[in-house]
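Take a look at the structure set out below.
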Amino acid sequence: MTIAIISNSFSSHEGGATAIAFEQAKLLTELGHQVCIFTTLEPGGDLGWREENNLKVYRVLTKKMRWLTRSYLCLRNFRIEKEYKKFLAKAKPDVIHFHNIYFQFPFFLLKIARRATPKVFFTAHDVMTFSYSKLNHFVDKKYSLANIDGVNYRLSLRQQFKQSKKAFNPLRNLIIRHYLKYATKIFSVSAELKKALEYNKIQNIATIHNAIDVNDWAVGESEAKEFKKELGLEHKKIILFAGRLSGYKGTQETMAAMEQVAKNVPGATLLVLDTQNNYRQANPNIYLAGAVARDKMKYYYAICDLVIVPSVCFDSFPTVNLEAFACHRPVIATIFGGSRELVEDQKTGYLINPLHIDELAEKIIYLLTNPEIARTMGENGYQKVKTEFNQEKWLKEILGWY
């Protein structure tokens, strides 16, 4: 088959949805399929067709867009549509699979795709098909693992206006839903995301969880020890925060919890894969590693004692959870979103409401002071992703739909 993958970002160095799109393209190519990519221009890159990682990639220029115009250009963008038609004319795909498109690529591309082939698929990695930004209107201290299933993800017009202010487009979600009907099937990366999409009138969804190849994340003990020494983190108890220091990711809650952790666990250090150094100045127990390329991330997982994913928004199915388990590390994850479909409370880690800072601190302290339990949880997580969230199973599901 000739398969076209459409993604607003495509790189072997990035994580998240970009990494998922890249892995899918790589694996399909290894199976003998012809894969073509339609994506945006990288800094210093070339426009048009090029060969990258044995893939045929067509890169187009996307201009910086003001917040005010994004809710309109995500629907139609005539310049991008023209480039897309040129791409399809040469690629002649049997299957077209969309990943992230956001505002860089208009949803109208789905309609154009359906004219080219009856096999058009869209993977929803997040809530951007109905939300202007991260979804957090439902986040509340009242929720726990016992009652989170009762949450209502419906985003009202009033809440959409509150998110978008002057950028509010009352027809945005209606038109996006119309274009999504041109997809043969919509894939959600978690059952919880499927639920959120359906709450907001998006139908025709099947859940296909993201996956990982554990072999790609193996690091030798001596390598890890040497890397930890290079960073000057010997004899430290390390908590890994593998994401951006943003409010949505639970930064404020994490910093507050770390104050308690530092008082109870000498040498406890929060290792953050970001560059915002104001937090380092505020807390000497913070180590900011800066932006880390995907192929180097495994070394940071290898030197940590545990991983935290304390998002205070809807986090669809964090790839950090998969990566942590692939590296035999336990995870303390948020109850908000799809982490509950991978992280098993008290077996592979803990599921918490991160707004309860004392609980977050308590769980971190417990795992740091009980390394055997932490190792057992990490091993349980490793076995889980190896058997249930492996790439062979993932790709088989996708090809079944193709």
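Each chain of the structure tokens is named A, B, ... in the order shown, its residues numbered from 1; ligands are numbered from 1 in display order.
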
Legend entry - Distance query Asp358 in chain A at most 9 Å, only C-alpha atoms, self and fewer than 6 positions along chain excluded, as number ranges by chain: A: 256-257, 260

Inset, instruction - Identify which of the residues A:Trp67, A:Phe130, A:Glu14, A:Lys194 lies closest to His178 in chain A, counting only C-alpha atoms when measuring atom-to-atom distances. - result: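 The answer is A:Phe130, which sits nearest to His178 in chain A.
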
Inset, instruction - Just the residues within 10 Å of Gln391 in chain A, please, counting only C-alpha atoms, with nothing from its chain fewer than 6 positions along; format it as a PyMOL selection string. - result: chain A and resi 23-24+27+210-214+385+397

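Checking A:Asn200, A:Thr69, A:Ser131, A:Ser316 one by one against Tyr153 in chain A, counting only C-alpha atoms, you find the shortest gap at A:Asn200.
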
Inset, instruction - Point out the residue among A:Pro284, A:Pro266, A:Gly290, A:Pro310 with the least atom-to-atom distance to Glu253 in chain A, counting only C-alpha atoms. - result: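 Nearest to Glu253 in chain A: A:Pro310.
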
Inset, instruction - Fewer than 4 positions away in the same chain doesn't count, so skip those; otherwise give me all residues within 7 Å of Met128 in chain A, counting only C-alpha atoms, as a ChimeraX atom specification. - result: /A:102,132-133

Inset, instruction - Select, from A:His235, A:Gly338, A:Ile101, A:Arg59, the residue with the minimum atom-to-atom distance to Ala196 in chain A, counting only C-alpha atoms. - result: A:Gly338

Inset, instruction - Using CA of Asn380 in chain A and CA of Thr348 in chain A as the two end points, give the distance in Å to one decimal. - result: 5.5 Å

Inset, instruction - Have a look at A:Asn370, A:Ser190, A:Tyr248, A:Leu270 and name the one nearest to Glu341 in chain A; count only C-alpha atoms. - result: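 The answer is A:Ser190, which sits nearest to Glu341 in chain A.
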
Inset, instruction - Output as a ChimeraX atom specification all residues of range 133-313 of chain A that backbone DSSP marks as strand (DSSP E). - result: /A:185-188,205-207,237-241,268-272,286-288,306-309

Could you please take those selected residues and save C-alpha atoms as a short mmCIF file (atom, residue, chain, number, x, y, z; two decimals), in the first residue's frame?
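Final output, saved to out-v4.cif:
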```cif
data_model
loop_
_atom_site.label_atom_id
_atom_site.label_comp_id
_atom_site.auth_asym_id
_atom_site.auth_seq_id
_atom_site.Cartn_x
_atom_site.Cartn_y
_atom_site.Cartn_z
CA LYS A 185 -12.71 6.30 11.15
CA ILE A 186 -11.44 8.49 13.97
CA PHE A 187 -8.92 6.93 16.34
CA SER A 188 -8.59 8.15 19.92
CA ILE A 205 -14.42 6.67 17.10
CA ALA A 206 -12.31 3.62 17.87
CA THR A 207 -9.67 3.61 20.61
CA LYS A 237 17.36 10.53 44.70
CA ILE A 238 15.90 11.62 41.38
CA ILE A 239 12.31 12.39 40.46
CA LEU A 240 11.92 12.90 36.71
CA PHE A 241 9.54 15.50 35.32
CA ALA A 268 15.94 14.39 46.64
CA THR A 269 16.21 16.19 43.28
CA LEU A 270 13.60 17.03 40.68
CA LEU A 271 15.14 16.47 37.25
CA VAL A 272 13.23 18.55 34.70
CA ILE A 286 15.65 21.39 41.01
CA TYR A 287 17.91 20.33 38.14
CA LEU A 288 16.93 21.68 34.73
CA LEU A 306 10.59 7.49 39.65
CA VAL A 307 8.64 9.55 37.13
CA ILE A 308 5.82 11.99 37.82
CA VAL A 309 3.06 13.08 35.41
#
```

Compile the contact shell of Ile3 in chain A as a compact mmCIF listing (two decimals) with N, CA and C atoms, in the first residue's frame: residues with an atom at most 7 Å away, counting only C-alpha atoms, same-chain residues fewer than 6 positions apart removed.
```txt
# COMPACT_ATOMS: atom_id res chain seq x y z
N GLN A 34 4.80 1.77 1.03
CA GLN A 34 5.33 3.05 0.57
C GLN A 34 4.70 4.15 1.42
N VAL A 35 5.52 4.92 2.12
CA VAL A 35 5.00 5.94 3.04
C VAL A 35 5.46 7.32 2.60
N CYS A 36 4.51 8.24 2.48
CA CYS A 36 4.79 9.63 2.14
C CYS A 36 4.28 10.53 3.27
N PRO A 93 -1.90 8.20 -2.79
CA PRO A 93 -2.01 7.24 -1.68
C PRO A 93 -3.26 6.36 -1.74
N ASP A 94 -3.12 5.15 -1.24
CA ASP A 94 -4.28 4.27 -1.04
C ASP A 94 -4.96 4.58 0.29
N VAL A 95 -4.14 5.03 1.25
CA VAL A 95 -4.63 5.35 2.59
C VAL A 95 -4.05 6.70 3.00
N ILE A 96 -4.88 7.53 3.64
CA ILE A 96 -4.41 8.80 4.18
C ILE A 96 -4.71 8.81 5.67
```
